[in-house]
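Chemist: Contents of query_38.txt (compact mmCIF, C-alpha atoms) are below:
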# COMPACT_ATOMS: atom_id res chain seq x y z
CA MET A 252 39.05 -0.96 11.67
CA SER A 253 42.21 0.75 12.82
CA THR A 254 43.64 0.38 16.28
CA THR A 255 46.26 3.07 16.29
CA ALA A 256 48.31 2.93 19.46
CA ILE A 257 49.35 6.56 19.27
CA PRO A 258 51.08 7.86 22.39
CA THR A 259 49.08 10.72 23.83
CA ASN A 260 51.98 13.17 23.84
CA THR A 261 52.51 13.09 20.07
CA LYS A 262 53.06 16.66 18.93
CA TRP A 263 50.95 16.61 15.80
CA TRP A 264 51.51 20.19 14.71
CA ASN A 265 55.24 20.61 15.27
CA GLY A 266 56.13 19.65 11.73
CA GLY A 267 57.80 16.64 10.24
CA ARG A 268 54.63 14.55 10.23
CA SER A 269 51.09 14.66 8.89
CA PRO A 270 48.93 16.19 11.63
CA PHE A 271 46.11 13.89 10.56
CA ASN A 272 48.29 10.79 10.37
CA ILE A 273 47.40 10.16 6.74
CA SER A 274 49.33 10.79 3.56
CA TYR A 275 49.20 14.09 1.70
CA GLY A 276 47.51 12.46 -1.30
CA LYS A 277 44.66 11.10 0.79
CA VAL A 278 44.06 14.43 2.54
CA MET A 279 43.93 16.17 -0.81
CA MET A 280 41.50 13.60 -2.22
CA TRP A 281 39.19 14.21 0.75
CA TYR A 282 39.27 17.96 0.23
CA PHE A 283 38.69 17.63 -3.49
CA LEU A 284 35.67 15.44 -2.71
CA MET A 285 34.40 18.08 -0.33
CA SER A 286 34.59 20.72 -3.06
CA ASP A 287 32.78 18.36 -5.42
CA ALA A 288 30.15 17.76 -2.74
CA PHE A 289 29.45 21.47 -2.63
CA THR A 290 29.22 21.62 -6.43
CA PHE A 291 26.68 18.80 -6.57
CA GLY A 292 24.96 20.21 -3.52
CA ALA A 293 24.58 23.58 -5.24
CA PHE A 294 23.08 21.95 -8.33
CA LEU A 295 20.66 19.83 -6.34
CA ILE A 296 19.61 22.65 -4.04
CA SER A 297 18.99 25.01 -6.96
CA TYR A 298 16.88 22.23 -8.47
CA GLY A 299 14.91 22.11 -5.23
CA THR A 300 14.48 25.88 -5.25
CA ILE A 301 13.06 25.92 -8.78
CA ARG A 302 10.85 22.95 -8.02
CA PHE A 303 9.47 24.70 -4.93
CA SER A 304 8.93 27.91 -6.89
CA VAL A 305 6.41 26.59 -9.43
CA ASN A 306 2.85 25.45 -8.92
CA HIS A 307 3.16 22.27 -10.90
CA TRP A 308 6.20 20.04 -11.43
CA ALA A 309 6.58 16.74 -13.29
CA ASP A 310 5.56 13.78 -11.15
CA PRO A 311 8.61 11.47 -11.15
CA ASN A 312 6.41 8.41 -10.90
CA HIS A 313 4.87 9.28 -14.25
CA VAL A 314 8.04 10.44 -15.94
CA PHE A 315 10.31 7.59 -14.85
CA ASN A 316 8.12 4.53 -15.04
CA ALA A 317 9.78 2.60 -17.84
CA PHE A 318 11.93 -0.50 -17.70
CA PRO A 319 14.04 -1.94 -20.51
CA PHE A 320 12.27 -4.68 -22.48
CA ALA A 321 9.04 -4.11 -20.55
CA GLY A 322 7.35 -2.07 -23.31
CA HIS A 323 4.79 0.37 -21.96
CA ALA A 324 4.46 -1.31 -18.56
CA ASN A 325 3.99 1.18 -15.72
CA LEU A 326 6.85 0.44 -13.32
CA PRO A 327 7.71 3.52 -11.28
CA LEU A 328 10.95 3.36 -9.28
CA ALA A 329 11.89 -0.04 -10.74
CA PHE A 330 14.67 0.88 -13.12
CA VAL A 331 16.20 3.48 -10.85
CA SER A 332 16.24 0.94 -7.99
CA LEU A 333 18.24 -1.37 -10.22
CA MET A 334 20.70 1.43 -10.93
CA THR A 335 21.02 2.20 -7.22
CA PHE A 336 21.75 -1.42 -6.34
CA ILE A 337 24.30 -1.70 -9.15
CA LEU A 338 26.17 1.26 -7.73
CA ILE A 339 25.92 0.07 -4.11
CA PHE A 340 27.25 -3.31 -5.15
CA SER A 341 30.13 -1.78 -7.07
CA SER A 342 30.94 0.23 -3.94
CA VAL A 343 31.15 -3.01 -1.98
CA THR A 344 33.50 -4.58 -4.52
CA MET A 345 35.60 -1.42 -4.33
CA VAL A 346 35.92 -1.66 -0.54
CA LEU A 347 36.83 -5.31 -0.92
CA ALA A 348 39.55 -4.33 -3.41
CA VAL A 349 40.96 -1.86 -0.88
CA HIS A 350 40.78 -4.58 1.77
CA GLU A 351 42.76 -6.96 -0.44
CA GLY A 352 45.25 -4.15 -0.98
CA HIS A 353 45.83 -3.91 2.77
CA LYS A 354 46.75 -7.60 2.71
CA MET A 355 49.07 -6.98 -0.30
CA ASN A 356 47.04 -9.59 -2.20
CA ARG A 357 47.47 -8.55 -5.82
CA LYS A 358 45.16 -11.18 -7.29
CA GLY A 359 42.39 -10.18 -4.93
CA VAL A 360 42.76 -6.52 -5.83
CA GLU A 361 42.59 -7.33 -9.53
CA LYS A 362 39.48 -9.44 -9.13
CA TYR A 363 37.54 -6.82 -7.22
CA MET A 364 38.67 -3.96 -9.43
CA VAL A 365 37.36 -5.83 -12.48
CA LEU A 366 34.00 -6.30 -10.77
CA THR A 367 33.89 -2.62 -9.79
CA ILE A 368 34.62 -1.55 -13.37
CA PHE A 369 31.82 -3.81 -14.63
CA GLY A 370 29.44 -2.25 -12.13
CA GLY A 371 30.38 1.23 -13.32
CA LEU A 372 29.89 0.29 -16.96
CA ALA A 373 26.55 -1.34 -16.18
CA PHE A 374 25.41 1.84 -14.45
CA LEU A 375 26.48 3.96 -17.42
CA GLY A 376 24.61 1.63 -19.76
CA CYS A 377 21.48 2.00 -17.66
CA GLN A 378 21.80 5.77 -17.61
CA ALA A 379 22.26 5.81 -21.39
CA TRP A 380 19.05 3.79 -21.78
CA GLU A 381 17.21 6.15 -19.44
CA TRP A 382 18.34 9.21 -21.39
CA THR A 383 17.46 7.66 -24.74
CA HIS A 384 14.04 6.70 -23.47
CA MET A 385 13.41 10.23 -22.18
CA ILE A 386 14.61 12.01 -25.33
CA THR A 387 12.85 9.73 -27.82
CA GLY A 388 9.66 9.40 -25.80
CA ASP A 389 6.55 10.52 -27.67
CA HIS A 390 4.05 12.32 -25.48
CA THR A 391 1.10 14.18 -26.89
CA VAL A 392 1.07 17.80 -25.78
CA LEU A 393 -1.30 20.67 -26.47
CA VAL A 394 0.77 23.66 -27.56
CA ASP A 395 -0.69 26.88 -29.01
CA GLY A 396 -4.02 25.23 -29.77
CA VAL A 397 -2.45 22.38 -31.70
CA LEU A 398 -1.45 18.83 -30.76
CA LYS A 399 2.22 17.86 -30.96
CA THR A 400 4.29 14.91 -29.86
CA MET A 401 7.46 15.63 -27.95
CA GLY A 402 10.05 13.87 -25.87
CA THR A 403 11.72 15.23 -22.76
CA THR A 404 14.75 17.28 -23.74
CA VAL A 405 16.49 20.39 -22.50
CA THR A 406 14.08 22.50 -24.55
CA ASN A 407 10.89 20.45 -24.30
CA ASN A 408 9.01 19.39 -21.21
CA PRO A 409 5.78 17.50 -21.91
CA TRP A 410 4.99 17.05 -18.22
CA GLY A 411 2.80 20.05 -17.51
CA VAL A 412 -0.73 20.19 -16.16
CA ALA A 413 -3.37 18.10 -17.89
CA ALA A 414 -4.97 19.80 -20.86
CA ASP A 415 -8.63 20.79 -20.81
CA PRO A 416 -10.53 18.04 -22.71
CA ASN A 417 -12.58 20.64 -24.59
CA ALA A 418 -9.43 22.37 -25.76
CA VAL A 419 -8.04 19.01 -26.90
CA ALA A 420 -11.21 18.24 -28.86
CA ALA A 421 -11.01 21.63 -30.54
CA ALA A 422 -7.31 21.22 -31.26
CA LEU A 423 -7.93 17.89 -33.00
CA GLN A 424 -9.71 19.78 -35.76
CA THR A 425 -6.98 22.36 -36.28
CA THR A 426 -3.91 20.15 -35.94
CA PRO A 427 -1.97 19.60 -39.19
CA ASP A 428 -1.93 16.08 -40.69
CA ALA A 429 1.75 15.51 -39.99
CA ASN A 430 1.21 16.14 -36.27
CA LEU A 431 -1.83 13.86 -36.23
CA ALA A 432 0.24 11.13 -37.86
CA SER A 433 2.90 11.34 -35.16
CA VAL A 434 0.23 11.22 -32.44
CA VAL A 435 -1.22 8.07 -34.00
CA HIS A 436 2.29 6.69 -34.25
CA SER A 437 2.85 7.29 -30.54
CA LEU A 438 -0.20 5.21 -29.66
CA GLY A 439 1.35 1.91 -30.57
CA HIS A 440 4.30 0.30 -32.23
CA GLY A 441 4.95 -1.61 -35.42
CA ALA A 442 1.81 -2.10 -37.43
CA ASP A 443 0.12 1.07 -36.18
CA ALA A 444 3.09 3.15 -37.26
CA HIS A 445 2.66 2.13 -40.85
CA ALA A 446 -1.08 2.42 -40.59
CA GLY A 447 -0.66 6.02 -39.40
CA ALA A 448 1.07 7.00 -42.60
CA ALA A 449 -1.67 5.52 -44.74
CA MET A 450 -4.64 6.90 -42.76
CA GLY A 451 -6.77 9.74 -43.95
CA ARG A 452 -7.36 12.76 -41.72
CA ALA A 453 -10.80 11.68 -40.52
CA GLU A 454 -9.54 8.22 -39.66
CA MET A 455 -6.57 9.62 -37.71
CA ILE A 456 -8.86 11.91 -35.72
CA SER A 457 -11.23 9.09 -34.79
CA THR A 458 -8.30 6.83 -33.84
CA ILE A 459 -6.95 9.48 -31.52
CA GLN A 460 -10.36 10.12 -29.97
CA ALA A 461 -10.87 6.39 -29.38
CA ALA A 462 -7.49 6.11 -27.68
CA ASN A 463 -8.51 8.32 -24.76
CA LEU A 464 -5.09 9.93 -24.56
CA GLN A 465 -3.73 11.76 -21.52
CA VAL A 466 -2.88 15.03 -23.20
CA THR A 467 -0.82 17.51 -21.24
CA THR A 468 0.38 21.05 -21.69
CA PRO A 469 4.10 21.88 -21.63
CA GLY A 470 5.68 22.01 -18.20
CA PRO A 471 8.48 24.24 -16.90
CA ILE A 472 11.38 24.26 -19.31
CA ALA A 473 13.84 23.93 -16.44
CA PHE A 474 12.99 20.25 -15.90
CA GLY A 475 15.06 18.93 -18.81
CA GLY A 476 18.03 21.18 -18.12
CA TYR A 477 18.15 20.06 -14.51
CA PHE A 478 17.55 16.39 -15.14
CA PHE A 479 20.05 15.98 -17.98
CA GLY A 480 22.49 18.46 -16.47
CA ILE A 481 22.69 16.85 -13.04
CA THR A 482 22.48 13.21 -14.10
CA GLY A 483 24.91 14.04 -16.90
CA PHE A 484 27.38 15.66 -14.53
CA HIS A 485 27.07 12.65 -12.24
CA GLY A 486 27.39 10.26 -15.19
CA PHE A 487 30.54 12.10 -16.20
CA HIS A 488 31.92 11.44 -12.75
CA VAL A 489 31.02 7.75 -13.04
CA PHE A 490 32.75 7.64 -16.42
CA SER A 491 35.91 9.29 -15.14
CA GLY A 492 35.76 6.96 -12.14
CA VAL A 493 35.65 3.96 -14.46
CA ILE A 494 38.70 5.31 -16.30
CA ILE A 495 40.55 5.85 -13.02
CA ASN A 496 39.65 2.34 -11.89
CA LEU A 497 40.89 0.94 -15.21
CA VAL A 498 44.21 2.71 -14.74
CA MET A 499 44.38 1.32 -11.19
CA LEU A 500 43.69 -2.17 -12.51
CA ILE A 501 46.42 -1.89 -15.12
CA LYS A 502 48.93 -0.56 -12.60
CA THR A 503 48.03 -3.40 -10.23
CA ARG A 504 48.59 -6.00 -12.92
CA LEU A 505 51.90 -4.40 -13.85
CA GLY A 506 53.00 -4.75 -10.23
CA HIS A 507 53.50 -1.05 -9.55
CA PHE A 508 51.91 -1.24 -6.12
CA ASP A 509 53.81 -4.36 -5.14
CA GLU A 510 57.02 -2.46 -5.95
CA ARG A 511 55.85 0.52 -3.97
CA GLY A 512 54.99 -1.63 -0.98
CA HIS A 513 51.45 -0.40 -0.48
CA TYR A 514 48.12 -0.14 -2.29
CA GLU A 515 47.18 3.32 -1.11
CA MET A 516 46.37 4.47 -4.66
CA ILE A 517 43.55 1.92 -4.67
CA GLU A 518 42.28 3.48 -1.47
CA LYS A 519 42.30 6.96 -3.00
CA ALA A 520 40.52 5.72 -6.13
CA GLY A 521 38.10 4.04 -3.75
CA LEU A 522 37.35 7.34 -2.03
CA TYR A 523 36.44 8.86 -5.40
CA TRP A 524 34.27 5.89 -6.32
CA HIS A 525 32.37 5.95 -3.03
CA PHE A 526 31.80 9.66 -3.46
CA VAL A 527 30.24 8.95 -6.86
CA ASP A 528 27.93 6.38 -5.21
CA LEU A 529 27.07 8.86 -2.49
CA VAL A 530 26.13 11.56 -4.97
CA TRP A 531 23.89 9.09 -6.78
CA VAL A 532 22.10 8.34 -3.51
CA PHE A 533 21.21 12.04 -3.26
CA VAL A 534 20.37 12.46 -6.97
CA PHE A 535 18.11 9.42 -6.66
CA LEU A 536 16.47 11.00 -3.63
CA CYS A 537 15.86 14.41 -5.20
CA PHE A 538 14.76 13.39 -8.68
CA TYR A 539 13.01 10.07 -8.25
CA LEU A 540 11.95 9.55 -4.68
CA VAL A 541 10.54 12.77 -3.23
CA MET B 508 50.00 -6.15 5.92
CA SER B 509 51.47 -3.18 4.06
CA SER B 510 54.98 -2.51 5.32
CA HIS B 511 55.84 0.76 3.64
CA THR B 512 53.71 3.87 3.87
CA SER B 513 54.33 7.51 3.14
CA PRO B 514 56.97 8.97 5.49
CA GLU B 515 54.57 11.54 6.93
CA ILE B 516 52.49 8.84 8.60
CA THR B 517 53.41 8.41 12.26
CA HIS B 518 51.45 5.26 13.07
CA ALA B 519 50.25 3.02 10.29
CA PRO B 520 46.79 1.71 11.16
CA GLU B 521 46.24 -1.98 11.73
CA HIS B 522 43.46 -3.20 9.52
CA ALA B 523 40.83 -5.77 10.38
CA SER B 524 41.53 -9.07 8.69
CA GLY B 525 37.96 -10.04 7.90
CA THR B 526 35.36 -8.62 5.52
CA GLY B 527 32.50 -9.03 7.99
CA ARG B 528 32.11 -5.33 8.63
CA ILE B 529 31.99 -4.61 4.90
CA TRP B 530 29.21 -7.10 4.17
CA LYS B 531 27.26 -6.08 7.23
CA THR B 532 27.31 -2.50 5.97
CA PHE B 533 26.17 -3.70 2.53
CA TRP B 534 23.12 -5.33 4.10
CA VAL B 535 22.36 -2.21 6.14
CA LEU B 536 22.58 -0.03 3.01
CA SER B 537 20.38 -2.43 1.08
CA ALA B 538 17.81 -2.55 3.86
CA LEU B 539 17.72 1.26 4.10
CA THR B 540 17.29 1.49 0.31
CA ILE B 541 14.46 -1.03 0.30
CA VAL B 542 12.64 0.83 3.09
CA GLU B 543 13.07 4.10 1.17
CA LEU B 544 11.71 2.51 -1.99
CA ALA B 545 8.77 1.01 -0.10
CA LEU B 546 7.90 4.41 1.38
CA GLY B 547 8.30 6.09 -1.99
CA TYR B 548 6.11 3.51 -3.66
CA PHE B 549 3.52 3.89 -0.91
CA LEU B 550 3.34 7.61 -1.63
CA TYR B 551 2.80 6.82 -5.32
CA TRP B 552 0.18 4.17 -4.64
CA LYS B 553 -1.85 6.42 -2.34
CA HIS B 554 -1.30 9.59 -4.34
CA GLY B 555 -4.23 11.98 -3.93
CA HIS B 556 -5.57 10.19 -0.84
CA LEU B 557 -2.98 11.36 1.68
CA SER B 558 -2.93 14.59 3.62
CA TYR B 559 -0.25 17.13 2.85
CA GLY B 560 1.23 16.71 6.32
CA PHE B 561 1.52 12.94 5.99
CA THR B 562 3.19 13.16 2.60
CA LEU B 563 5.63 15.77 3.84
CA SER B 564 6.50 13.72 6.95
CA THR B 565 7.07 10.60 4.85
CA LYS B 566 9.33 12.51 2.48
CA LEU B 567 11.30 13.87 5.44
CA LEU B 568 11.62 10.34 6.78
CA ILE B 569 12.95 9.17 3.40
CA ALA B 570 15.44 12.04 3.46
CA ALA B 571 16.54 11.03 6.97
CA LEU B 572 17.11 7.45 5.80
CA THR B 573 19.22 8.81 2.95
CA LEU B 574 21.34 10.71 5.46
CA ALA B 575 21.78 7.47 7.39
CA LYS B 576 23.00 5.82 4.19
CA ALA B 577 25.41 8.68 3.68
CA TYR B 578 26.75 8.15 7.20
CA TYR B 579 27.42 4.45 6.56
CA ILE B 580 29.08 5.05 3.19
CA VAL B 581 31.32 7.85 4.48
CA SER B 582 32.17 6.38 7.86
CA ILE B 583 32.73 2.71 6.95
CA PHE B 584 33.27 2.39 3.20
CA MET B 585 35.38 5.53 2.97
CA HIS B 586 36.92 4.82 6.39
CA LEU B 587 36.43 8.36 7.63
CA GLY B 588 35.24 6.88 10.91
CA ASP B 589 38.70 5.38 11.44
CA GLU B 590 40.59 8.63 11.02
CA ILE B 591 41.85 11.01 13.66
CA ARG B 592 39.08 13.10 15.19
CA ASN B 593 40.45 16.41 13.96
CA MET B 594 40.56 15.10 10.42
CA ILE B 595 36.95 13.97 10.66
CA MET B 596 36.02 17.46 11.87
CA THR B 597 37.65 19.20 8.89
CA ILE B 598 35.24 17.27 6.69
CA ILE B 599 32.07 17.26 8.78
CA VAL B 600 32.05 20.83 10.09
CA PRO B 601 32.09 22.59 6.68
CA LEU B 602 29.40 20.20 5.44
CA MET B 603 27.13 21.51 8.21
CA LEU B 604 26.76 24.55 5.97
CA PHE B 605 24.33 22.37 4.00
CA ILE B 606 21.78 22.62 6.78
CA TRP B 607 21.49 26.37 6.27
CA PHE B 608 21.93 26.00 2.50
CA ILE B 609 18.99 23.64 2.05
CA ALA B 610 16.65 25.40 4.47
CA ALA B 611 17.38 28.88 3.09
CA PHE B 612 17.00 28.03 -0.57
CA LEU B 613 13.88 25.92 -0.26
CA TRP B 614 12.35 28.72 1.81
CA ASP B 615 13.39 31.12 -0.93
CA GLY B 616 11.82 28.95 -3.62
CA ASN B 617 8.56 28.78 -1.72
CA SER B 618 8.56 32.55 -1.22
CA TRP B 619 9.13 32.98 -4.95
CA LYS B 620 6.08 30.82 -5.67
CA VAL B 621 3.93 32.90 -3.33
CA LEU B 622 5.15 36.11 -4.96
CA ARG B 623 4.32 34.72 -8.39
CA ASN B 624 0.87 33.62 -7.35
CA THR B 625 0.02 36.93 -5.72
CA ASP B 626 1.60 39.24 -8.32
CA ALA B 627 4.37 40.30 -5.95
CA GLY B 628 2.06 40.49 -2.96
CA SER B 629 -0.54 42.71 -4.59
CA ARG B 630 -3.43 40.23 -4.33
CA ALA B 631 -4.46 37.13 -2.36
CA ASP B 632 -3.04 33.71 -3.18
CA HIS B 633 -5.85 31.56 -4.56
CA THR B 634 -3.60 28.68 -5.50
CA GLU B 635 -4.00 26.01 -2.84
CA GLN B 636 -0.49 24.81 -1.93
CA HIS B 637 -1.29 21.17 -1.75
CA GLN B 638 -3.99 20.44 -4.24
CA PRO B 639 -3.32 17.85 -6.93
CA ALA B 640 -2.42 19.39 -10.27
CA VAL B 641 -5.45 21.07 -11.79
CA ILE B 642 -5.82 23.37 -14.72
CA ASP B 643 -4.87 26.83 -13.53
CA LYS B 644 -3.97 30.06 -15.24
CA ASP B 645 -0.33 28.99 -15.45
CA ALA B 646 -1.34 26.66 -18.28
CA LYS B 647 -2.16 29.58 -20.55
CA LYS B 648 1.10 31.14 -21.66
How does the structure come out when it is put into structure tokens?
Modeler:
Amino acid sequence: MSTTAIPTNTKWWNGGRSPFNISYGKVMMWYFLMSDAFTFGAFLISYGTIRFSVNHWADPNHVFNAFPFAGHANLPLAFVSLMTFILIFSSVTMVLAVHEGHKMNRKGVEKYMVLTIFGGLAFLGCQAWEWTHMITGDHTVLVDGVLKTMGTTVTNNPWGVAADPNAVAAALQTTPDANLASVVHSLGHGADAHAGAAMGRAEMISTIQAANLQVTTPGPIAFGGYFFGITGFHGFHVFSGVIINLVMLIKTRLGHFDERGHYEMIEKAGLYWHFVDLVWVFVFLCFYLV
Amino acid sequence: MSSHTSPEITHAPEHASGTGRIWKTFWVLSALTIVELALGYFLYWKHGHLSYGFTLSTKLLIAALTLAKAYYIVSIFMHLGDEIRNMIMTIIVPLMLFIWFIAAFLWDGNSWKVLRNTDAGSRADHTEQHQPAVIDKDAKK
């Protein structure tokens, strides 16, 4: 809260002072963030355009329903909620660091910067898990009359419309053994994986039929490019934010800001970090929530 | 209290001594997030049993809550709310472009879908806009 007692006849634009009463560095950080907002905005809006332009798009509640260590449990929105709260919390610790900086309390700044860095690293870890899970996921898809397993990558999108059961039944007969083995493998973990390698063709086919799989057809290729592109671009910002925060922490410990007499650098780093949180709020909205 | 600031600053702001405002904002953001998640989960739970209008309205409500979150983060965490009014305007006014940006491009995307479904307007659109995903001719490539 600032209570600036500025006399009303201050000539802001006559030179010799900042017309906005803040330092040059802070103004520039704000305008950089605005340019970045338009960049992210352009990406997200183009994503919306493509999504609106096709008849069927991946349902986020089916794509993003995994949680670490929960196996195949169906938990839509759970993991991404955790990521959102991690980032919100790290934003709070960042504001608290800035607050301690206003009081010239070096120890306080250090403490909260460490917590903020941990939050950023935790978020990056979560995002890395999410990406790995998407890329290595094994979903059975009907492509060109044959069954295949595929993960979600920039070239593969297994989240298309459901395949016609008759077409699936026909495809089971024409699918090569190697593909059948990977479908069996995708049904379970551990013991089944080894069993898949040892099964004969007839046994693999009956196993797959008994499993009552949800077989899909490939969805729009754009899904992977948008998902990995936008979350990757955001993740890159989180990563660079963590590096910036680390540099701020080191400078704080070395006493640079005490010498300078103010902790405004922490504030500017804080602006960047909050921007990163804000972008996540919108990425979360566009990809996972609506 | 910081004693030295950049020379271009005329009046250094006096900062609140307590963290009450910060934590209060944290709780507001958390509450907004939980409501958003509850609404989103409700849409998932009742998928296929809700009218198109209801789903759309709920999604718009979720979007509005997200905008509220954005307001709190920018105004309080980033302290834009404490700056001089003209400074606030140089940020907010250009961002108003997003209103046109979003409306125009989503409209465009929808028009593109209609054109695809009707072969550039040469036949009627038989694809119901709000049916759940069924097998349609798009599946055959």
Chemist: Quick one: which region 276-305 of chain A residues come within 6 Å of region 607-626 of chain B, and what is the nearest atom pair for each with the distance in Å to one decimal, counting all atoms listed in the file, rows ordered by chain and ascending number, as a tab-separated table?
Modeler:
residue	atom	partner	partner_atom	distance
A:Thr300	CA	B:Gly616	CA	4.4
A:Phe303	CA	B:Gly616	CA	5.0
A:Ser304	CA	B:Lys620	CA	4.3
A:Val305	CA	B:Lys620	CA	5.7
Chemist: In Å, rounded to a single decimal, give me how far CA of Gly439 (chain A) is from CA of Thr425 (chain A).
Modeler: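 Between these atoms lies a distance of 22.8 Å.
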Chemist: Please check the contacts: residues of chain A at most 7 Å away from chain B, using all atoms listed in the file, listed as a PDB file with C-alpha atoms, in the frame of the given file.
Modeler:
ATOM      1  CA  MET A 252      39.050  -0.960  11.670  1.00  0.00           C
ATOM      2  CA  SER A 253      42.210   0.750  12.820  1.00  0.00           C
ATOM      3  CA  THR A 254      43.640   0.380  16.280  1.00  0.00           C
ATOM      4  CA  THR A 255      46.260   3.070  16.290  1.00  0.00           C
ATOM      5  CA  ILE A 257      49.350   6.560  19.270  1.00  0.00           C
ATOM      6  CA  GLY A 267      57.800  16.640  10.240  1.00  0.00           C
ATOM      7  CA  ARG A 268      54.630  14.550  10.230  1.00  0.00           C
ATOM      8  CA  SER A 269      51.090  14.660   8.890  1.00  0.00           C
ATOM      9  CA  PHE A 271      46.110  13.890  10.560  1.00  0.00           C
ATOM     10  CA  ASN A 272      48.290  10.790  10.370  1.00  0.00           C
ATOM     11  CA  ILE A 273      47.400  10.160   6.740  1.00  0.00           C
ATOM     12  CA  SER A 274      49.330  10.790   3.560  1.00  0.00           C
ATOM     13  CA  ILE A 296      19.610  22.650  -4.040  1.00  0.00           C
ATOM     14  CA  GLY A 299      14.910  22.110  -5.230  1.00  0.00           C
ATOM     15  CA  THR A 300      14.480  25.880  -5.250  1.00  0.00           C
ATOM     16  CA  ILE A 301      13.060  25.920  -8.780  1.00  0.00           C
ATOM     17  CA  PHE A 303       9.470  24.700  -4.930  1.00  0.00           C
ATOM     18  CA  SER A 304       8.930  27.910  -6.890  1.00  0.00           C
ATOM     19  CA  VAL A 305       6.410  26.590  -9.430  1.00  0.00           C
ATOM     20  CA  HIS A 307       3.160  22.270 -10.900  1.00  0.00           C
ATOM     21  CA  ASN A 312       6.410   8.410 -10.900  1.00  0.00           C
ATOM     22  CA  VAL A 343      31.150  -3.010  -1.980  1.00  0.00           C
ATOM     23  CA  VAL A 346      35.920  -1.660  -0.540  1.00  0.00           C
ATOM     24  CA  HIS A 353      45.830  -3.910   2.770  1.00  0.00           C
ATOM     25  CA  LYS A 354      46.750  -7.600   2.710  1.00  0.00           C
ATOM     26  CA  MET A 355      49.070  -6.980  -0.300  1.00  0.00           C
ATOM     27  CA  VAL A 412      -0.730  20.190 -16.160  1.00  0.00           C
ATOM     28  CA  ALA A 413      -3.370  18.100 -17.890  1.00  0.00           C
ATOM     29  CA  THR A 468       0.380  21.050 -21.690  1.00  0.00           C
ATOM     30  CA  GLY A 512      54.990  -1.630  -0.980  1.00  0.00           C
ATOM     31  CA  HIS A 513      51.450  -0.400  -0.480  1.00  0.00           C
ATOM     32  CA  LEU A 522      37.350   7.340  -2.030  1.00  0.00           C
ATOM     33  CA  HIS A 525      32.370   5.950  -3.030  1.00  0.00           C
ATOM     34  CA  LEU A 529      27.070   8.860  -2.490  1.00  0.00           C
ATOM     35  CA  LEU A 540      11.950   9.550  -4.680  1.00  0.00           C
ATOM     36  CA  VAL A 541      10.540  12.770  -3.230  1.00  0.00           C
TER      37      VAL A 541
END
Chemist: I'd like the interatomic distance between CA of Asn430 (chain A) and CA of Phe479 (chain A), to a tenth of an Å.
Modeler: 26.3 Å
Chemist: Find the distance between CA of Ala571 (chain B) and CA of Phe294 (chain A) and write it in Å to one decimal.
Modeler: 19.9 Å
Chemist: Using all atoms listed in the file, pick whichever of B:His554, B:Leu539, B:Ser564, B:Met603 has the shortest atom-to-atom distance to Gly292 (chain A).
Modeler: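 For Gly292 (chain A), the nearest of the candidates is B:Met603.
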Chemist: Which residues come within 7 Å of Thr467 (chain A), counting all atoms listed in the file, excluding same-chain residues fewer than 4 positions away, as a ChimeraX atom specification?
Modeler: /A:391-393,409-414
Chemist: May I ask which of the residues A:Gly266, A:Gly492, A:Gly486, A:Pro416 is the closest one to Leu464 (chain A), counting only C-alpha atoms?
Modeler: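 Nearest to Leu464 (chain A): A:Pro416.
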Chemist: How would you write as a PyMOL selection string the residues that get within 10 Å of (6.3, 11.3, -15.4) in the file's frame, counting all atoms listed in the file?
Modeler: chain A and resi 308-317+327+385+403+409-411+539
Chemist: Put the listed atoms of region 613-632 of chain B in a box along x, y and z with 6 Å added on every side and give me the centre and edge lengths in Å to one decimal, as AutoDock Vina command-line options.
Modeler:
--center_x 4.7 --center_y 34.3 --center_z -3.3 --size_x 30.3 --size_y 28.8 --size_z 22.2
Chemist: Excluding Trp380 (chain A) and its own-chain neighbours fewer than 6 positions away, which residues fall within 12 Å of it when counting only C-alpha atoms? Please give them as a compact mmCIF listing (two decimals) with C-alpha atoms, in the coordinates of the input.
Modeler:
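Saved result, out_23.txt, follows:
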# COMPACT_ATOMS: atom_id res chain seq x y z
CA PHE A 315 10.31 7.59 -14.85
CA ALA A 317 9.78 2.60 -17.84
CA PHE A 318 11.93 -0.50 -17.70
CA PRO A 319 14.04 -1.94 -20.51
CA PHE A 320 12.27 -4.68 -22.48
CA PHE A 330 14.67 0.88 -13.12
CA VAL A 331 16.20 3.48 -10.85
CA MET A 334 20.70 1.43 -10.93
CA ALA A 373 26.55 -1.34 -16.18
CA PHE A 374 25.41 1.84 -14.45
CA ILE A 386 14.61 12.01 -25.33
CA THR A 387 12.85 9.73 -27.82
CA GLY A 388 9.66 9.40 -25.80
Chemist: Calculated over only C-alpha atoms, which of the candidates A:His384, A:Ile481, A:Thr344, A:Asp389 has the smallest distance to Ala293 (chain A)?
Modeler: A:Ile481
Chemist: Calculated over only C-alpha atoms, which of the candidates A:Phe484, A:Asp509, A:Phe538, A:Leu347 has the smallest distance to Gly527 (chain B)?
Modeler: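 Between A:Phe484, A:Asp509, A:Phe538, A:Leu347, the residue approaching Gly527 (chain B) most closely is A:Leu347.
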